[in-house]
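Trainee: Please find one structure pasted underneath; my questions will follow.
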Amino acid sequence: MAHFLSLVTGALVIAGITAPAASAADRIVVKHRTGLTSAERADLRDAAEVRLTETLPISGVEVVRPEDGNRARALSDLREDPDVLWAEADQRRQLATDPLAPLEWGLDNVGQTVWGTTFGTADADIDAPEAWTVTRGAGATVAVVDTGVDTGHPDLSDNLLPGRDFVDDDNDPVDGNGHGTHVTGTIAAAENGIGVVGVAPEAHVVPLRVLDNAGGGWGSDVAAAFAWAGDNHVRVVNASLGSGTVTTVEKQAIHDHPGTLYVVAAGNSSRNVESSPQYPCAYTEPNVVCVGATDLDDHVADFSNYGATSVDLFAPGALIASTLPLGRASNLHIDGYGVMQGTSMATPYVAGAAALVASAHPSFVASQIKAALLGSVDRIPDLAGKSVSGGRLNAAAALAAEPPIPTSAPAPVATPQPTPPPVPAQTTPAPAPVQPVVVARLSSVRVSGRAPHATLTFTSSAATRIGVNLRRLSGHKWRSAGTTTAYAAAGSSRWHVGRSIAGLRLRKGSYKLTLASAAGAVSVKFRAR
């Protein structure tokens, strides 16, 4: 590679970033029924004794706070209102904590020495030089949902487009943390003879700041940025962030923008995401790509999460050198550059490769870009059973992949580019098509009889996991009687309603049961004696 930094030997210390405690822990995200007037929404808020904090750029969704500070009470009241489709506590989000990282071995690994002692394995990389014989990303745009960016950085400024700050609610997404600038450099640092070079050095980046200078932020801001990118027809989003808590508003934003591919981090807890979910990684929306991290020898990095059905593929994430805000302390002792590691660093390798695919194939929709990335990986023994693809990103092979034509796809959102030159024959296996994830819709729910001798029936358009919310009438209020998740088969389901339902205990009284999938919720009332 022509533009590697010369590393200065020395101690490398990266402090873990911890988000501050929530200062507004009573925030609630709520989605109204379609068609409500502003007066009707105001009446709804008055009835639930909440006040409007902000309206999100997602149809019918807003953030509110209880007048009395009692979020549990306000959530219960909102969920009882028939004009509310769902309401949830706004969740904190923070960076997927990033340890160390140098040298751009992830682009072209020749078995070089890294940090004086660590040796890599030749070709344990994404084959970037081979990919650049086809395209360097011209015409493609990636939105980086993170801590912002140093807009004056000489390696980045020519490739940046105007962005948005969802933390301070302005159009100046300044990076006071460094994480977002580092991620941006991996995606699209210019090949300009200085510093580092990105995976897609001719692509553009839109910085969307959702995390503050300490690396913490709100799920509602993340969702707003996801929606903003989709509304503005950005084809690829990089989100090197996460949390162990699910949030409906993020999932809704992703679901509402199927034409945008959301590339997200698997997390750095050395855990199986199947048993310890990390979000957005664990969302089942078909336009999500979750990325784990590999080290210089094509092994799963010791900090990386993994999962046979949740993590889609791996990419280099250990000892990654990239850009940092100018004037910031650097473990490379070079102003504007530093080393980090984590799945946060692996994610932009995949987002950059997605930009290359989008550049070379302007007509590809999100599902085809995803299929090209997953179907062309280098399958590595150590990664078998650790991800959907069982492999590590190969950008050059992804450009040569021919994913299936979708049966129904939105119109292309990028300006067509000249047809790229042919790619030399690859030795990688033929692309394996990615099966689309069907969003199940629930319907025809009813209860026959009275518990403990009753039967619940409902219909699901596809097999899926569903949320189960049980409430019991107490006085004139519906009070929570428990929540859980359950499996629903495709077609008609019959559940026995005895002394419990879906594992939730029943006692004498009136109940309201709500079943929820990603497509919406259905409710039914019944009595137990």
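As shown in the structure tokens, the chain order sets the letters A, B, ...; within each chain, residues go from 1, and ligands are also counted from 1 in the order they appear.
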Determine, counting only C-alpha atoms, which protein, DNA and RNA residues have an atom within 7 Å of an atom of range 225-236 of chain A; residues of the same chain fewer than 2 positions away are not included. Present the result as a ChimeraX atom specification.
Mentor: /A:57-58,141-143,145,208,221-223,238,253-254,257,259-262,351,354-355,413
Trainee: Deliver the residues from the most recent selection as a file, using N, CA and C atoms, as a CSV table (one decimal), in the first residue's frame.
Mentor:
chain,number,residue,atom,x,y,z
A,57,PRO,N,-38.7,12.2,12.7
A,57,PRO,CA,-39.0,12.1,11.3
A,57,PRO,C,-39.4,10.7,10.9
A,58,ILE,N,-40.3,10.1,11.7
A,58,ILE,CA,-40.9,8.8,11.4
A,58,ILE,C,-42.4,8.9,11.6
A,141,THR,N,-22.6,7.0,-1.6
A,141,THR,CA,-22.6,7.8,-0.3
A,141,THR,C,-22.9,6.9,0.9
A,142,VAL,N,-22.2,7.1,2.0
A,142,VAL,CA,-22.4,6.4,3.2
A,142,VAL,C,-22.7,7.4,4.3
A,143,ALA,N,-23.8,7.1,5.0
A,143,ALA,CA,-24.1,7.9,6.2
A,143,ALA,C,-23.5,7.3,7.4
A,145,VAL,N,-23.5,7.1,11.3
A,145,VAL,CA,-24.3,7.5,12.5
A,145,VAL,C,-23.4,7.2,13.7
A,208,LEU,N,-23.7,11.9,10.6
A,208,LEU,CA,-25.0,12.1,11.4
A,208,LEU,C,-24.6,11.9,12.9
A,221,ASP,N,-32.7,9.3,18.9
A,221,ASP,CA,-31.8,10.0,18.0
A,221,ASP,C,-31.2,9.1,17.0
A,222,VAL,N,-30.8,7.9,17.4
A,222,VAL,CA,-30.3,6.9,16.4
A,222,VAL,C,-31.4,6.6,15.4
A,223,ALA,N,-32.6,6.4,15.8
A,223,ALA,CA,-33.7,6.1,14.9
A,223,ALA,C,-34.0,7.3,14.0
A,238,ASN,N,-23.6,3.4,8.2
A,238,ASN,CA,-22.7,2.7,9.1
A,238,ASN,C,-23.1,3.1,10.5
A,253,ALA,N,-37.6,2.4,12.3
A,253,ALA,CA,-36.9,3.3,11.3
A,253,ALA,C,-36.2,2.4,10.2
A,254,ILE,N,-35.6,1.3,10.6
A,254,ILE,CA,-35.0,0.4,9.7
A,254,ILE,C,-36.0,-0.2,8.8
A,257,HIS,N,-37.5,1.8,5.9
A,257,HIS,CA,-36.6,2.2,4.8
A,257,HIS,C,-35.8,1.0,4.2
A,259,GLY,N,-34.9,0.3,1.3
A,259,GLY,CA,-34.0,0.6,0.3
A,259,GLY,C,-32.6,1.0,0.8
A,260,THR,N,-32.5,1.2,2.1
A,260,THR,CA,-31.2,1.5,2.7
A,260,THR,C,-30.6,0.3,3.5
A,261,LEU,N,-29.3,0.1,3.3
A,261,LEU,CA,-28.6,-1.0,4.0
A,261,LEU,C,-28.0,-0.5,5.2
A,262,TYR,N,-28.3,-1.0,6.4
A,262,TYR,CA,-27.8,-0.6,7.7
A,262,TYR,C,-26.7,-1.6,8.1
A,351,ALA,N,-19.1,-1.4,5.5
A,351,ALA,CA,-19.8,-0.2,4.9
A,351,ALA,C,-19.1,0.3,3.7
A,354,ALA,N,-19.6,-2.0,0.9
A,354,ALA,CA,-20.9,-1.8,0.4
A,354,ALA,C,-21.0,-0.6,-0.6
A,355,ALA,N,-20.2,0.4,-0.2
A,355,ALA,CA,-20.1,1.6,-1.1
A,355,ALA,C,-19.5,1.3,-2.4
A,413,VAL,N,-31.7,4.5,-6.4
A,413,VAL,CA,-31.7,5.8,-5.8
A,413,VAL,C,-30.4,6.6,-6.1
Trainee: For Thr55 in chain A, find every residue with an atom within 12 Å (counting only C-alpha atoms), except residues of its own chain fewer than 2 positions away, and show them as an MDAnalysis selection string.
Mentor: chainID A and resid 28:32 38 41 51:53 57:64 220:221 223:224
Trainee: When distances are computed from only C-alpha atoms, which of A:Ala346, A:Leu160, A:Val357, A:Leu211 shows the smallest separation from Arg136 in chain A?
Mentor: A:Val357
Trainee: I'd like the interatomic distance between CA of Ala87 in chain A and CA of Ala39 in chain A, to a tenth of an Å.
Mentor: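 Atom-to-atom, CA of Ala87 in chain A and CA of Ala39 in chain A are spaced 19.3 Å apart.
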Trainee: Can you pull out every residue from range 153-358 of chain A that DSSP, working from the backbone, puts in strand (DSSP E or B), and format the result as a PyMOL selection string?
Mentor: chain A and resi 160+164-165+170+174+204-209+216-218+236-239+241-243+261-265+272+279+288-294+300+306+313-316+320-323+334+337-340
Trainee: For each of A:Ala190, A:Leu36, A:Leu513, A:Ala462, take the minimum atom-to-atom distance to Ser493 in chain A, counting only C-alpha atoms, then give the residue where this is smallest.
Mentor: A:Ala462
Trainee: List the neighbours of Ser276 in chain A out to 12 Å using only C-alpha atoms; skip same-chain residues closer than 4 positions along the sequence, and give me the result as a list of chain:residue names.
Mentor: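 Non-adjacent residues within range: A:Ser243, A:Gly244, A:Thr245, A:Val246, A:Ala266, A:Gly267, A:Asn268, A:Ser269, A:Ser270, A:Arg271, A:Asn272, A:Cys281, A:Ala282, A:Asn305, A:Tyr306, A:Gly307, A:Ser310.
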Trainee: When distances are computed from only C-alpha atoms, which of A:Ala308, A:Val174, A:Leu326, A:Ala138 shows the smallest separation from Gly352 in chain A?
Mentor: A:Ala138
Trainee: So, counting only C-alpha atoms, which residue among A:Ile194, A:Leu442, A:Leu373, A:Ala516 is closest to Leu470 in chain A?
Mentor: A:Ala516
Trainee: Take CA of Val114 in chain A and CA of Leu393 in chain A and report the distance between them in Å, one decimal.
Mentor: 20.8 Å
Trainee: May I ask which of the residues A:Asp175, A:Asp298, A:Arg79, A:Val199 is the closest one to Phe119 in chain A, counting only C-alpha atoms?
Mentor: A:Asp298
Trainee: By how many Å are CA of Pro280 in chain A and CA of Val388 in chain A apart?
Mentor: 16.1 Å
Trainee: Name the residues of range 99-234 of chain A that come out as helix (DSSP H, G or I) in a backbone DSSP run; write them as a ChimeraX atom specification.
Mentor: /A:128-131,157-159,179-188,219-231
Trainee: What does the file look like for those residues with N, CA, C and O atoms, as a CSV table (one decimal), in the first residue's frame?
Mentor:
chain,number,residue,atom,x,y,z
A,128,ALA,N,-8.5,-5.1,-0.9
A,128,ALA,CA,-8.8,-3.8,-1.4
A,128,ALA,C,-8.1,-3.4,-2.7
A,128,ALA,O,-8.7,-2.9,-3.6
A,129,PRO,N,-6.8,-3.6,-2.8
A,129,PRO,CA,-6.1,-3.2,-4.1
A,129,PRO,C,-6.8,-3.9,-5.3
A,129,PRO,O,-6.9,-3.3,-6.3
A,130,GLU,N,-7.2,-5.2,-5.2
A,130,GLU,CA,-7.9,-5.8,-6.3
A,130,GLU,C,-9.2,-5.2,-6.6
A,130,GLU,O,-9.6,-5.0,-7.7
A,131,ALA,N,-9.9,-4.8,-5.5
A,131,ALA,CA,-11.2,-4.1,-5.7
A,131,ALA,C,-11.1,-2.8,-6.4
A,131,ALA,O,-11.9,-2.4,-7.2
A,157,SER,N,-12.0,15.9,4.4
A,157,SER,CA,-12.8,17.1,4.0
A,157,SER,C,-13.3,17.0,2.6
A,157,SER,O,-14.5,17.4,2.3
A,158,ASP,N,-12.5,16.5,1.6
A,158,ASP,CA,-13.0,16.5,0.2
A,158,ASP,C,-14.1,15.5,0.0
A,158,ASP,O,-14.8,15.6,-1.0
A,159,ASN,N,-14.3,14.6,0.9
A,159,ASN,CA,-15.3,13.5,0.7
A,159,ASN,C,-16.5,13.7,1.5
A,159,ASN,O,-17.4,12.8,1.5
A,179,HIS,N,-14.3,8.9,17.9
A,179,HIS,CA,-14.8,7.6,17.3
A,179,HIS,C,-15.4,7.8,15.9
A,179,HIS,O,-15.0,7.0,15.0
A,180,GLY,N,-16.2,8.8,15.7
A,180,GLY,CA,-16.8,8.9,14.4
A,180,GLY,C,-15.9,9.3,13.3
A,180,GLY,O,-16.0,8.9,12.2
A,181,THR,N,-14.8,10.1,13.7
A,181,THR,CA,-13.8,10.5,12.7
A,181,THR,C,-13.0,9.2,12.3
A,181,THR,O,-12.6,9.1,11.2
A,182,HIS,N,-12.7,8.4,13.3
A,182,HIS,CA,-11.9,7.2,13.0
A,182,HIS,C,-12.7,6.2,12.1
A,182,HIS,O,-12.1,5.7,11.1
A,183,VAL,N,-14.0,6.0,12.4
A,183,VAL,CA,-14.8,5.2,11.5
A,183,VAL,C,-14.9,5.8,10.1
A,183,VAL,O,-14.8,5.1,9.1
A,184,THR,N,-15.1,7.1,10.0
A,184,THR,CA,-15.2,7.8,8.7
A,184,THR,C,-13.9,7.6,7.8
A,184,THR,O,-14.0,7.3,6.6
A,185,GLY,N,-12.7,7.6,8.5
A,185,GLY,CA,-11.5,7.4,7.8
A,185,GLY,C,-11.4,6.0,7.2
A,185,GLY,O,-10.9,5.9,6.1
A,186,THR,N,-11.8,5.0,7.9
A,186,THR,CA,-11.8,3.7,7.4
A,186,THR,C,-12.7,3.5,6.2
A,186,THR,O,-12.3,2.8,5.2
A,187,ILE,N,-13.8,4.2,6.2
A,187,ILE,CA,-14.7,4.1,5.0
A,187,ILE,C,-14.1,4.9,3.8
A,187,ILE,O,-14.1,4.3,2.7
A,188,ALA,N,-13.7,6.1,4.0
A,188,ALA,CA,-13.5,7.0,2.8
A,188,ALA,C,-12.4,8.0,3.0
A,188,ALA,O,-12.5,9.1,2.4
A,219,GLY,N,-31.7,6.2,21.9
A,219,GLY,CA,-32.2,5.4,20.8
A,219,GLY,C,-33.1,6.1,19.8
A,219,GLY,O,-33.1,5.9,18.6
A,220,SER,N,-33.8,7.1,20.3
A,220,SER,CA,-34.7,7.9,19.5
A,220,SER,C,-33.8,8.8,18.5
A,220,SER,O,-34.2,8.9,17.3
A,221,ASP,N,-32.7,9.3,18.9
A,221,ASP,CA,-31.8,10.0,18.0
A,221,ASP,C,-31.2,9.1,17.0
A,221,ASP,O,-31.1,9.5,15.8
A,222,VAL,N,-30.8,7.9,17.4
A,222,VAL,CA,-30.3,6.9,16.4
A,222,VAL,C,-31.4,6.6,15.4
A,222,VAL,O,-31.1,6.6,14.2
A,223,ALA,N,-32.6,6.4,15.8
A,223,ALA,CA,-33.7,6.1,14.9
A,223,ALA,C,-34.0,7.3,14.0
A,223,ALA,O,-34.2,7.1,12.8
A,224,ALA,N,-33.9,8.5,14.5
A,224,ALA,CA,-34.1,9.7,13.7
A,224,ALA,C,-33.1,9.8,12.6
A,224,ALA,O,-33.3,10.1,11.5
A,225,ALA,N,-31.8,9.5,13.0
A,225,ALA,CA,-30.7,9.5,12.0
A,225,ALA,C,-30.9,8.4,10.9
A,225,ALA,O,-30.7,8.6,9.7
A,226,PHE,N,-31.3,7.2,11.4
A,226,PHE,CA,-31.6,6.1,10.4
A,226,PHE,C,-32.7,6.6,9.4
A,226,PHE,O,-32.6,6.3,8.2
A,227,ALA,N,-33.7,7.2,10.0
A,227,ALA,CA,-34.8,7.6,9.1
A,227,ALA,C,-34.4,8.8,8.2
A,227,ALA,O,-34.7,8.8,7.0
A,228,TRP,N,-33.6,9.7,8.7
A,228,TRP,CA,-33.1,10.8,7.9
A,228,TRP,C,-32.3,10.2,6.7
A,228,TRP,O,-32.5,10.7,5.6
A,229,ALA,N,-31.4,9.3,6.9
A,229,ALA,CA,-30.6,8.7,5.9
A,229,ALA,C,-31.5,8.0,4.8
A,229,ALA,O,-31.3,8.2,3.6
A,230,GLY,N,-32.5,7.3,5.3
A,230,GLY,CA,-33.4,6.6,4.4
A,230,GLY,C,-34.2,7.6,3.6
A,230,GLY,O,-34.4,7.4,2.4
A,231,ASP,N,-34.7,8.6,4.3
A,231,ASP,CA,-35.6,9.6,3.6
A,231,ASP,C,-34.8,10.4,2.5
A,231,ASP,O,-35.3,10.9,1.5
